[in-house]
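Reviewing the structure listed below.
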Amino acid sequence: MQVADYHDIHAISNISACSQMNDVGGLASVFMANRDVLHRFLRARLRGTGDPEDVLQDLWVKLEALETGPVAEPLAYIYRMAENLVLDRRRSAMRRTNRETEWTKGQINGSLGLAVDSQPDAERHLLACDHLRRVDIVLDGLPERTAFAFRSVRIDGVPQKEIAASMGISLSAVEKHLQKAYRAVLEIQLRLDAEEPPPERLGMEGQGHAG
Amino acid sequence: MLVESKIEEAIGWRIRLSDPAASDEQWAEFTDWLEVDPANADAYDAIALADKDLSETIAITKADPQNPHNDNVPVPAKWYQRRGLQVVAASVAVALLASPMLLPRRDLDTYETRPGETREIALSDGSQIAMNGGTRLLLDGKSNRFARLEKGEAVFTIRHDASNPFVVESGNATLQDVGTVFNVRQDDGSLEVSVANGAVRYNPKAEAVTVAAGNKLQVSKARPVPVISKANPATVAGWRQGQLSYQDAPLSAVAVDLSRAVGDKVTISSNLGNRRFTGVIRVEKDRKLLFRRLEGLLGVRAQHNATGWLLTS
């Protein structure tokens with residue numbers, strides 16, 4: 001099960017009575033006017049693991065297919081789409097590398113190695129539960145306000161400004177709480193990655209984890 | 001290699017850029033930061049990927065394929081619900097989160113359809129809301145992640161974002177999407193939520209019942225404990241194709257749907273109150289044809305009168 005990102009847009013038919021909400025032209029022109037800036041961002045972000053032009057083209061296709069209402073910060077919105085595209089590419093490249101490695105192992109061991117591609121939902125679910133359990137334990141070890149800020153922002157999706165107001169602290173103080181929690185929580189993931197043996201290089205097109 | 005000192009900066013960027021309020025100036029500064037040192041990009045990459053994994057983990061466990069909850073037993077609250085509200089010091093925040101009514105007033109745009117009229121709303125993130133007739137919906141046009149269904153019926157096709165879930169309020173209920181196409185109807189305090197795709201969480205801060213695809217949840221003033229039953233995902237939003245599907249539904253509910261679809265008030269005589277219907281009604285444009293067919297289908301007589309249509313036995 002892959003989590004859909006917002007650029008997996010459902011086809012939208014017959015947008016009656018709200019043509020004023022269709023602002024695709026706006027986003028497209030913002031894209032064109034800032035193409036160089038976005039190219040620079042992508043070059044810095046990809047650092048040789050991919051061609052910025054490829055991502056820009058993907059981005060353009062997504063933008064064209066997008067039917068959207070007015071976007072408050074159109075350029076920031078496009079940046080975020082670009083960032084998500086980069087992460088998606090990174091993920092699928094990593095998966096491909098893992099899959100190819102597993103497949104090769106399977107060949108060597110005489111099995112077909114087919115199961116890797118279709119990791120059963122049950123197993124995926126167990127792994128996810130285990131991950132959440134670890135997150136839970138880590139958060140419980142943090143100061144309560146820190147854990148509260150993290151859960152509110154990351155799980156409940158409350159904007160940071162609202163959390164700041166409700167906790168009666170400044171935005172940068174919220175960021176400090178979040179910083180601590182993110183660090184603790186993401187360290188689990190980084191540690192998990194480190195536990196797994198790195199995929200064996202096969203000299204194929206798979207791009208490994210940068211870093 | 002991850003450089004320790006860079007991790008803190010990378011997390012800071014991830015936090016700021018994940019906030020919906022992030023500006024394009026911040027993204028430009030972020031570009032500068034990435035360019036300064038290759039170790040910055042490495043650190044950020046690792047952090048962002050780990051963070052994305054966490055999003056996926058949250059989404060998978062929320063969708064919960066192991067527990068389709070085909071009964072009306074509320075599921076035990078998950079960790080993020082159990083402890084999210086325990087902070088005594090942040091009592092203001094507790095009030096805010098526990099009761100959406102106390103939130104600072106959102107700027108809500110009102111969308112309304114007359115009976116017989118439908119309307120589609122496209123949101124900036126690709127999500128989509130289709131409103132059936134006789135429906136009033138309030139939408140937070142700024143965040144695009146909150147809607148309130150005051151009355152009527154709507155299908156929500158929501159682009160899922162685990163870090164920023166879409167929330168629908170209706171009556172006293174709060175629904176949170178877990179990656180989703182779902183239909184909500186609200187008639188005089190009775191709520192029905194049918195899920196075609198993904199899952200929806202009902203009252204995530206209280207009962208926290210997960211309604212998975214192929215199920216529907218019903219709750220009303222008379223029956224305040226939510227009941228979950230089967231729903232055919234293919235017919236969840238059948239009204240959009242002009243099809244109304246029923247499984248042992250009271251005729252009064254059919255009449256409400258018909259009113260919504262045709263734009264005329266459809267009432268039933270009191271002696272039909274206990275009659276139930278299973279089947280599919282095709283809503284013909286031609287009303288005379290529609291009601292003539294209904295006579296055969298429902299075993300009733302349909303009369304056109306001053307207020308609309310009256311179905312009698």
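Residue numbering restarts at 1 in every chain; chains get A, B, ... in the order shown in the structure tokens, and ligands count up from 1 in that same order.
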
Can you pull out the residues contacting Ala181 (chain A)? Cut-off 7 Å, using only C-alpha atoms, and skip same-chain residues under 6 positions away; I want them as a tab-separated table (two decimals) with N, CA and C atoms, in the first residue's frame.
```tsv
chain	number	residue	atom	x	y	z
A	146	THR	N	6.74	18.66	25.01
A	146	THR	CA	7.43	18.36	23.75
A	146	THR	C	6.66	17.31	22.96
A	147	ALA	N	6.27	16.25	23.67
A	147	ALA	CA	5.51	15.19	23.01
A	147	ALA	C	4.17	15.71	22.52
A	150	PHE	N	4.59	17.71	19.32
A	150	PHE	CA	4.86	16.83	18.18
A	150	PHE	C	3.59	16.10	17.73
```

| query | Which polymer residues have any atom within 6 Å of an atom of region 239-248 of chain B, counting only C-alpha atoms, with same-chain residues fewer than 4 positions away left out, as a PyMOL selection string? | reply | chain B and resi 276-283

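Comparing B:Lys221, B:Lys216, B:Arg14, B:Ala253 by their smallest distance to Thr235 (chain B), the closest is B:Lys216 (using only C-alpha atoms).
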
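In terms of minimum interatomic distance to chain B, A:Arg145 ranks closest within A:Arg145, A:Arg134, A:Lys62, A:Arg89, counting only C-alpha atoms.
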
| query | Using the chain letters and numbers from this document, which residues of region 20-95 of chain A does DSSP assign to alpha helix (DSSP H), as an MDAnalysis selection string? | reply | chainID A and resid 24:33 35:46 52:65 74:95

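Our summary of the geometry notes that CA of Val71 (chain A) is positioned 15.6 Å from CA of Phe146 (chain B).
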